[in-house]
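Participant: Data: run-v2.cif, mmCIF, C-alpha atoms.
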data_final
#
loop_
_atom_site.label_atom_id
_atom_site.label_comp_id
_atom_site.auth_asym_id
_atom_site.auth_seq_id
_atom_site.Cartn_x
_atom_site.Cartn_y
_atom_site.Cartn_z
CA MET A 21 136.81 109.67 34.94
CA GLN A 22 135.61 107.01 32.51
CA VAL A 23 137.37 103.65 32.56
CA VAL A 24 136.90 100.22 30.96
CA THR A 25 137.51 97.08 33.01
CA LEU A 26 137.49 93.44 31.97
CA GLN A 27 135.58 90.92 34.06
CA ALA A 28 137.18 87.47 34.33
CA PRO A 29 137.32 85.11 32.51
CA GLY A 30 137.08 87.60 29.64
CA GLY A 31 134.97 88.01 26.52
CA LEU A 32 133.74 91.08 24.65
CA ASP A 33 130.54 91.02 26.71
CA LYS A 34 132.68 91.28 29.87
CA LEU A 35 134.00 94.76 29.04
CA ASN A 36 132.43 97.21 31.48
CA VAL A 37 132.45 101.01 31.05
CA GLN A 38 132.19 102.84 34.38
CA ASP A 39 133.01 106.09 36.17
CA VAL A 40 135.66 106.07 38.89
CA PRO A 41 137.50 108.81 40.83
CA ALA A 42 140.37 110.50 39.00
CA PRO A 43 143.88 109.44 40.08
CA ASP A 44 145.82 111.36 42.70
CA ALA A 45 148.61 113.80 41.96
CA PRO A 46 151.80 112.18 40.62
CA GLY A 47 154.50 111.23 43.09
CA PRO A 48 158.25 111.62 42.61
CA GLY A 49 159.33 110.48 39.15
CA GLU A 50 155.72 110.16 37.94
CA ILE A 51 153.52 112.04 35.48
CA ARG A 52 149.74 112.30 35.16
CA VAL A 53 148.54 111.88 31.59
CA ARG A 54 145.14 112.71 30.14
CA VAL A 55 144.74 109.81 27.71
CA HIS A 56 143.13 110.72 24.40
CA ALA A 57 143.65 107.61 22.24
CA SER A 58 144.53 103.94 22.14
CA SER A 59 144.81 101.44 19.29
CA LEU A 60 143.76 97.82 18.96
CA ASN A 61 146.29 95.03 18.56
CA PHE A 62 146.03 91.25 18.22
CA HIS A 63 147.51 90.99 21.71
CA ASP A 64 144.79 93.26 23.13
CA TYR A 65 142.15 91.12 21.46
CA GLY A 66 143.68 87.99 23.00
CA VAL A 67 143.36 89.57 26.46
CA VAL A 68 139.81 90.92 26.19
CA ALA A 69 138.53 87.77 24.44
CA GLY A 70 139.78 85.65 27.34
CA LYS A 71 142.38 83.80 25.26
CA MET A 72 145.20 85.31 27.33
CA PRO A 73 143.91 85.26 30.93
CA THR A 74 144.48 88.33 33.07
CA ALA A 75 143.38 89.57 36.49
CA ASP A 76 139.71 90.24 37.16
CA GLY A 77 138.99 93.95 36.75
CA ARG A 78 142.01 94.58 34.53
CA ILE A 79 141.97 97.82 32.51
CA PRO A 80 142.87 96.68 28.97
CA MET A 81 144.82 98.27 26.08
CA SER A 82 148.59 98.42 25.80
CA ASP A 83 148.75 101.60 23.69
CA GLY A 84 148.03 105.04 25.10
CA ALA A 85 148.63 108.57 23.84
CA GLY A 86 147.71 111.87 25.48
CA ILE A 87 148.84 115.05 27.19
CA VAL A 88 150.86 115.52 30.38
CA GLU A 89 148.64 117.24 32.98
CA ASP A 90 151.02 117.22 35.96
CA VAL A 91 154.56 116.12 36.79
CA GLY A 92 156.01 114.86 40.06
CA ASP A 93 159.23 115.86 41.73
CA GLY A 94 162.37 114.97 39.85
CA VAL A 95 160.77 114.69 36.41
CA THR A 96 162.83 116.64 33.88
CA GLU A 97 162.08 114.90 30.57
CA PHE A 98 158.43 116.01 30.39
CA SER A 99 156.52 119.21 31.16
CA VAL A 100 152.84 120.01 31.53
CA GLY A 101 151.29 120.16 28.05
CA ASP A 102 153.71 117.71 26.41
CA ARG A 103 152.17 115.14 24.08
CA VAL A 104 153.31 111.64 25.04
CA VAL A 105 152.82 108.02 23.99
CA SER A 106 153.21 104.89 26.10
CA THR A 107 155.76 102.09 25.78
CA PHE A 108 154.93 98.38 25.57
CA PHE A 109 157.66 97.18 27.97
CA PRO A 110 157.87 99.97 30.58
CA TYR A 111 161.03 98.56 32.19
CA TRP A 112 162.95 97.65 29.01
CA LEU A 113 164.56 101.02 28.46
CA GLU A 114 167.43 100.10 26.14
CA GLY A 115 169.94 97.40 25.30
CA PRO A 116 169.21 93.77 24.32
CA ALA A 117 165.85 92.11 24.93
CA ARG A 118 165.34 91.36 28.62
CA ILE A 119 161.68 90.32 28.93
CA ALA A 120 160.03 87.12 27.69
CA ASP A 121 156.48 87.59 28.99
CA PHE A 122 153.73 90.18 29.45
CA THR A 123 153.81 90.53 33.23
CA THR A 124 154.83 94.20 32.95
CA THR A 125 152.87 95.03 29.79
CA PRO A 126 150.01 97.53 30.25
CA GLY A 127 146.63 96.02 29.49
CA ASP A 128 147.83 92.52 30.36
CA GLY A 129 150.10 92.07 33.38
CA VAL A 130 149.26 95.56 34.70
CA ASP A 131 146.45 98.04 34.02
CA GLY A 132 146.43 99.63 30.58
CA TYR A 133 145.11 102.72 28.84
CA ALA A 134 141.36 102.18 28.35
CA CYS A 135 140.78 105.07 30.74
CA GLU A 136 140.80 108.86 30.65
CA GLN A 137 143.65 109.55 33.08
CA VAL A 138 146.68 107.65 34.39
CA VAL A 139 149.53 108.31 36.80
CA ARG A 140 152.62 106.38 35.76
CA PRO A 141 156.42 106.61 36.05
CA ALA A 142 157.75 109.04 33.46
CA GLN A 143 159.90 106.29 31.87
CA TRP A 144 156.71 104.54 30.75
CA PHE A 145 156.31 107.18 28.01
CA THR A 146 158.16 108.91 25.19
CA HIS A 147 157.33 112.12 23.37
CA GLN A 148 154.90 111.78 20.47
CA PRO A 149 156.14 112.58 16.94
CA LYS A 150 155.74 116.27 16.20
CA GLY A 151 152.50 117.00 14.33
CA TYR A 152 150.92 113.61 15.03
CA SER A 153 147.36 113.29 16.28
CA HIS A 154 146.83 111.30 19.47
CA ALA A 155 145.29 108.46 17.43
CA GLU A 156 148.27 108.36 15.08
CA SER A 157 150.67 108.29 18.03
CA ALA A 158 148.73 105.51 19.74
CA THR A 159 149.43 103.19 16.79
CA LEU A 160 153.17 103.30 17.45
CA THR A 161 153.51 101.58 20.85
CA THR A 162 152.91 98.03 19.61
CA ALA A 163 152.38 97.73 15.86
CA GLY A 164 154.68 100.51 14.72
CA LEU A 165 157.56 99.52 16.97
CA THR A 166 157.22 95.83 16.12
CA ALA A 167 157.61 96.57 12.41
CA TRP A 168 160.48 99.00 13.05
CA ARG A 169 162.41 96.56 15.20
CA ALA A 170 161.84 93.67 12.77
CA LEU A 171 163.13 95.53 9.74
CA VAL A 172 165.55 98.14 11.03
CA VAL A 173 166.87 97.05 14.44
CA ASP A 174 167.03 93.28 13.88
CA GLY A 175 166.94 93.11 10.10
CA GLY A 176 169.35 95.92 9.20
CA LEU A 177 167.07 97.02 6.35
CA LYS A 178 168.75 99.07 3.64
CA ALA A 179 167.80 100.67 0.35
CA GLY A 180 167.46 98.14 -2.45
CA ASP A 181 166.38 95.26 -0.19
CA THR A 182 163.20 93.31 -0.87
CA VAL A 183 160.57 92.84 1.84
CA LEU A 184 157.60 90.47 1.96
CA VAL A 185 154.68 91.49 4.18
CA LEU A 186 151.88 89.06 4.98
CA GLY A 187 148.35 90.46 5.20
CA SER A 188 147.11 93.98 5.80
CA GLY A 189 147.03 94.31 9.58
CA GLY A 190 148.75 97.01 11.57
CA VAL A 191 152.25 95.50 11.73
CA SER A 192 152.26 94.50 8.06
CA VAL A 193 151.11 97.90 6.83
CA PHE A 194 153.67 99.65 9.04
CA ALA A 195 156.35 97.34 7.63
CA LEU A 196 155.29 98.22 4.08
CA GLN A 197 155.53 101.93 4.92
CA PHE A 198 158.90 101.65 6.67
CA ALA A 199 160.32 99.58 3.82
CA ARG A 200 159.21 102.10 1.21
CA MET A 201 160.43 104.98 3.38
CA MET A 202 163.90 103.42 3.39
CA GLY A 203 164.05 102.59 -0.31
CA ALA A 204 163.20 98.89 -0.24
CA GLU A 205 160.88 97.03 -2.62
CA VAL A 206 157.79 95.38 -1.15
CA ILE A 207 155.75 92.32 -2.05
CA ALA A 208 152.44 92.05 -0.17
CA THR A 209 149.94 89.22 0.30
CA SER A 210 146.24 89.20 1.17
CA SER A 211 143.14 87.11 0.48
CA SER A 212 141.27 90.24 -0.64
CA ASN A 213 141.87 91.73 -4.08
CA GLU A 214 140.39 94.98 -2.82
CA LYS A 215 142.99 95.14 -0.05
CA LEU A 216 145.74 94.20 -2.49
CA ALA A 217 144.78 97.18 -4.63
CA ARG A 218 145.04 99.42 -1.58
CA LEU A 219 148.43 97.95 -0.66
CA LYS A 220 149.64 98.77 -4.17
CA GLU A 221 148.50 102.34 -3.66
CA LEU A 222 150.62 102.40 -0.48
CA GLY A 223 153.69 101.39 -2.47
CA ALA A 224 153.78 97.60 -2.83
CA ALA A 225 155.55 96.73 -6.09
CA HIS A 226 153.85 93.32 -6.34
CA THR A 227 150.85 91.69 -4.68
CA ILE A 228 149.75 88.07 -4.27
CA ASN A 229 146.33 86.71 -3.39
CA TYR A 230 147.31 83.76 -1.19
CA LYS A 231 143.92 82.06 -1.60
CA GLU A 232 144.32 82.06 -5.36
CA GLU A 233 147.99 81.08 -5.09
CA PRO A 234 148.36 78.87 -1.97
CA GLU A 235 151.99 78.12 -2.87
CA TRP A 236 152.86 81.80 -2.83
CA GLY A 237 156.47 81.08 -1.90
CA LYS A 238 157.06 79.99 -5.50
CA ARG A 239 155.40 83.16 -6.76
CA VAL A 240 157.75 85.25 -4.61
CA GLN A 241 160.71 83.36 -6.04
CA ALA A 242 159.47 84.10 -9.57
CA LEU A 243 158.95 87.80 -8.80
CA THR A 244 162.52 88.03 -7.48
CA HIS A 245 164.01 86.09 -10.44
CA GLY A 246 164.78 83.10 -8.25
CA ALA A 247 166.63 85.03 -5.55
CA GLY A 248 163.94 85.28 -2.87
CA VAL A 249 163.34 88.25 -0.56
CA ASP A 250 165.74 89.69 2.01
CA HIS A 251 163.16 90.17 4.78
CA ILE A 252 159.80 88.61 5.67
CA ILE A 253 157.30 89.98 8.19
CA GLU A 254 155.91 86.62 9.34
CA VAL A 255 152.67 87.25 11.23
CA GLY A 256 150.95 83.97 10.42
CA GLY A 257 153.03 81.45 12.34
CA PRO A 258 153.03 77.70 11.67
CA GLY A 259 150.45 77.84 8.88
CA THR A 260 152.47 80.28 6.75
CA LEU A 261 156.06 79.65 7.86
CA PRO A 262 156.77 76.86 5.31
CA GLN A 263 155.83 79.21 2.45
CA SER A 264 157.91 81.98 4.01
CA ILE A 265 160.92 79.67 4.09
CA ASP A 266 160.31 78.95 0.39
CA ALA A 267 160.17 82.71 -0.27
CA ILE A 268 163.24 83.81 1.71
CA LYS A 269 166.59 84.53 0.12
CA ILE A 270 169.65 82.45 0.99
CA GLY A 271 170.92 84.14 4.14
CA GLY A 272 167.72 86.19 4.50
CA HIS A 273 165.88 87.29 7.63
CA ILE A 274 162.43 86.08 8.75
CA SER A 275 160.87 88.04 11.62
CA LEU A 276 158.49 85.73 13.48
CA ILE A 277 155.97 88.15 14.94
CA GLY A 278 152.53 86.58 15.00
CA VAL A 279 150.67 83.32 15.54
CA LEU A 280 147.50 84.04 13.57
CA THR A 281 147.42 80.45 12.29
CA GLY A 282 148.13 78.82 15.67
CA ARG A 283 150.85 78.33 18.26
CA GLN A 284 152.30 74.99 17.17
CA GLY A 285 153.08 73.31 13.88
CA ASP A 286 155.72 71.64 11.73
CA VAL A 287 158.68 73.69 10.54
CA PRO A 288 160.65 72.49 7.49
CA THR A 289 163.94 72.69 9.38
CA ALA A 290 166.06 71.10 6.63
CA LYS A 291 164.94 73.72 4.14
CA LEU A 292 165.50 76.51 6.66
CA MET A 293 169.00 75.17 7.28
CA ALA A 294 169.70 74.90 3.56
CA LYS A 295 168.57 78.48 3.06
CA GLN A 296 170.92 79.51 5.91
CA ALA A 297 168.20 81.98 6.82
CA ARG A 298 167.78 83.69 10.16
CA LEU A 299 164.43 82.99 11.82
CA GLN A 300 164.08 85.47 14.67
CA GLY A 301 161.20 85.77 17.10
CA LEU A 302 160.50 89.17 18.57
CA ILE A 303 158.03 91.01 20.79
CA VAL A 304 157.84 94.78 20.16
CA GLY A 305 160.94 96.66 21.39
CA SER A 306 162.60 98.92 23.96
CA ARG A 307 161.99 102.54 24.89
CA ARG A 308 165.21 103.48 23.07
CA HIS A 309 163.95 101.73 19.91
CA GLN A 310 160.72 103.74 20.16
CA MET A 311 162.58 107.02 20.48
CA GLU A 312 164.76 106.20 17.46
CA MET A 313 161.69 105.22 15.41
CA ILE A 314 159.99 108.49 16.27
CA LYS A 315 163.03 110.45 15.05
CA ALA A 316 162.80 108.61 11.74
CA LEU A 317 159.06 109.27 11.46
CA GLU A 318 159.59 112.98 12.04
CA ALA A 319 162.44 113.17 9.52
CA ASN A 320 160.38 111.49 6.80
CA ASP A 321 156.89 112.76 7.71
CA MET A 322 155.48 109.22 7.56
CA ARG A 323 151.92 108.86 8.85
CA PRO A 324 150.20 105.68 10.08
CA ILE A 325 147.22 104.23 8.21
CA ILE A 326 144.12 104.35 10.42
CA ASP A 327 141.15 102.37 9.14
CA ARG A 328 138.51 103.50 11.66
CA GLU A 329 138.13 105.21 15.04
CA PHE A 330 135.69 104.36 17.87
CA ALA A 331 134.79 106.08 21.13
CA LEU A 332 136.08 104.56 24.37
CA SER A 333 132.55 103.48 25.28
CA GLU A 334 132.38 101.59 21.95
CA ILE A 335 135.39 99.41 22.79
CA ALA A 336 133.48 96.12 22.37
CA ASP A 337 132.24 97.21 18.93
CA ALA A 338 135.79 98.16 17.99
CA PHE A 339 137.01 94.65 18.85
CA ARG A 340 134.11 93.11 16.93
CA TYR A 341 135.19 95.16 13.93
CA GLN A 342 138.74 93.87 14.39
CA GLU A 343 137.41 90.32 14.76
CA ALA A 344 135.65 90.60 11.39
CA GLY A 345 139.03 91.15 9.72
CA GLN A 346 137.84 93.70 7.18
CA HIS A 347 140.18 96.50 8.25
CA LEU A 348 143.42 97.63 6.64
CA GLY A 349 145.93 99.25 8.98
CA LYS A 350 144.98 100.30 12.50
CA ILE A 351 141.73 100.58 14.47
CA CYS A 352 141.77 103.25 17.19
CA LEU A 353 139.86 104.37 20.24
CA THR A 354 139.68 108.17 20.62
CA PHE A 355 138.34 109.86 23.72
#
Show me this structure written as structure tokens.

Facilitator:
Amino acid sequence: MQVVTLQAPGGLDKLNVQDVPAPDAPGPGEIRVRVHASSLNFHDYGVVAGKMPTADGRIPMSDGAGIVEDVGDGVTEFSVGDRVVSTFFPYWLEGPARIADFTTTPGDGVDGYACEQVVRPAQWFTHQPKGYSHAESATLTTAGLTAWRALVVDGGLKAGDTVLVLGSGGVSVFALQFARMMGAEVIATSSSNEKLARLKELGAAHTINYKEEPEWGKRVQALTHGAGVDHIIEVGGPGTLPQSIDAIKIGGHISLIGVLTGRQGDVPTAKLMAKQARLQGLIVGSRRHQMEMIKALEANDMRPIIDREFALSEIADAFRYQEAGQHLGKICLTF
């Protein structure tokens, strides 16, 4: 089978495509999956670019979707032919957050899904949404579930709420779609007027070009008649957090998801305290969260936005495309 491995210390030129023997038959409690798609995330880029060191020879990619080819003894949840999608934290099945690192995350602490076949414990997967393509399903593991947990699980999103999404990456676009699906109003930011037009087509009520309006927190306040927004999908980190605190409603909820502007910086703590806002960090979600999200997707027939698809052998080109930052939504590998 074809597999991609990453040579230490990392870098896009250290991604090697090779042929290796197919895995053995699954053991008790395991399934063998023919992987057909993966999707690129900021975390995956951090690993393959060498910014998040991993073991030499690691198979990258945290997201994987495909078809069950064989099941081991004791497996009752899946059958041969089922369409499945991987989970980000294979051992966080349900309940409160239990993991604070990536030691068990495929594509980082353990081998991921940049390969054509895997044998894994059955609990590492859920069923795909009915009617989804493999590429669409592969967008759910990381980006989709992060947005779902931020808004629905942690944020308690309800119809009539207002949501601010920053940028047009996978998590932000998913958040826009989930918010609209549940009857919330969305304000979206980007530095590209072309992308802002596309975000309006996807349902954003208002858009802000943050390069043209660097103090966009004030603009959000004006758009909400001085109230501020109920929820913010904060993917920027220290460089955008002060504006997000300006934009949040008194008692609102800021989901701290990304660190696109860096890992350290000043936080206007007095203003955050005065706003009595909840600033909550999160990393993806549990298997139970993923199953609940998939039920909602099926009930509402919501489909992910895929910008472009690449072959598995084109993985380095796919990451270069991601690096350029011209995409809107998700970039996928299909194989």

Participant: Exactly which residues make up the result of the PyMOL selection byres ((chain A and resi 64-73) around 7) on this file, given as a VMD selection string?

Facilitator: chain A and resid 26 29 to 32 60 to 63 74 81 to 82 128 339

Participant: Name all residues at most 7 Å from stretch 208-216 of chain A (count all atoms listed in the file; drop same-chain ones fewer than 3 positions away) and give them as a PyMOL selection string.

Facilitator: chain A and resi 184-188+219-220+224+226-231

Participant: Please write as a ChimeraX atom specification the full residue list that the PyMOL selection byres ((chain A and resi 87) around 9) yields on this file.

Facilitator: /A:52-56,85-86,88-89,100-105,154

Participant: What gap, in Å, lies between atom CA of A:Lys34 and atom CA of A:Ile303?

Facilitator: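 Going from atom CA of A:Lys34 over to atom CA of A:Ile303, I get 26.9 Å.
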
Participant: Considering all atoms listed in the file, return as a list in words whatever protein or nucleic-acid residues lie within 10 Å of A:Phe122, sequence-local ones (same chain, fewer than 3 positions apart) excluded.

Facilitator: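 The neighbour list is His63, Phe108, Phe109, Ile119, Thr125, Pro126, Gly127, Asp128, Gly129, Val130 and Ile303 of chain A.
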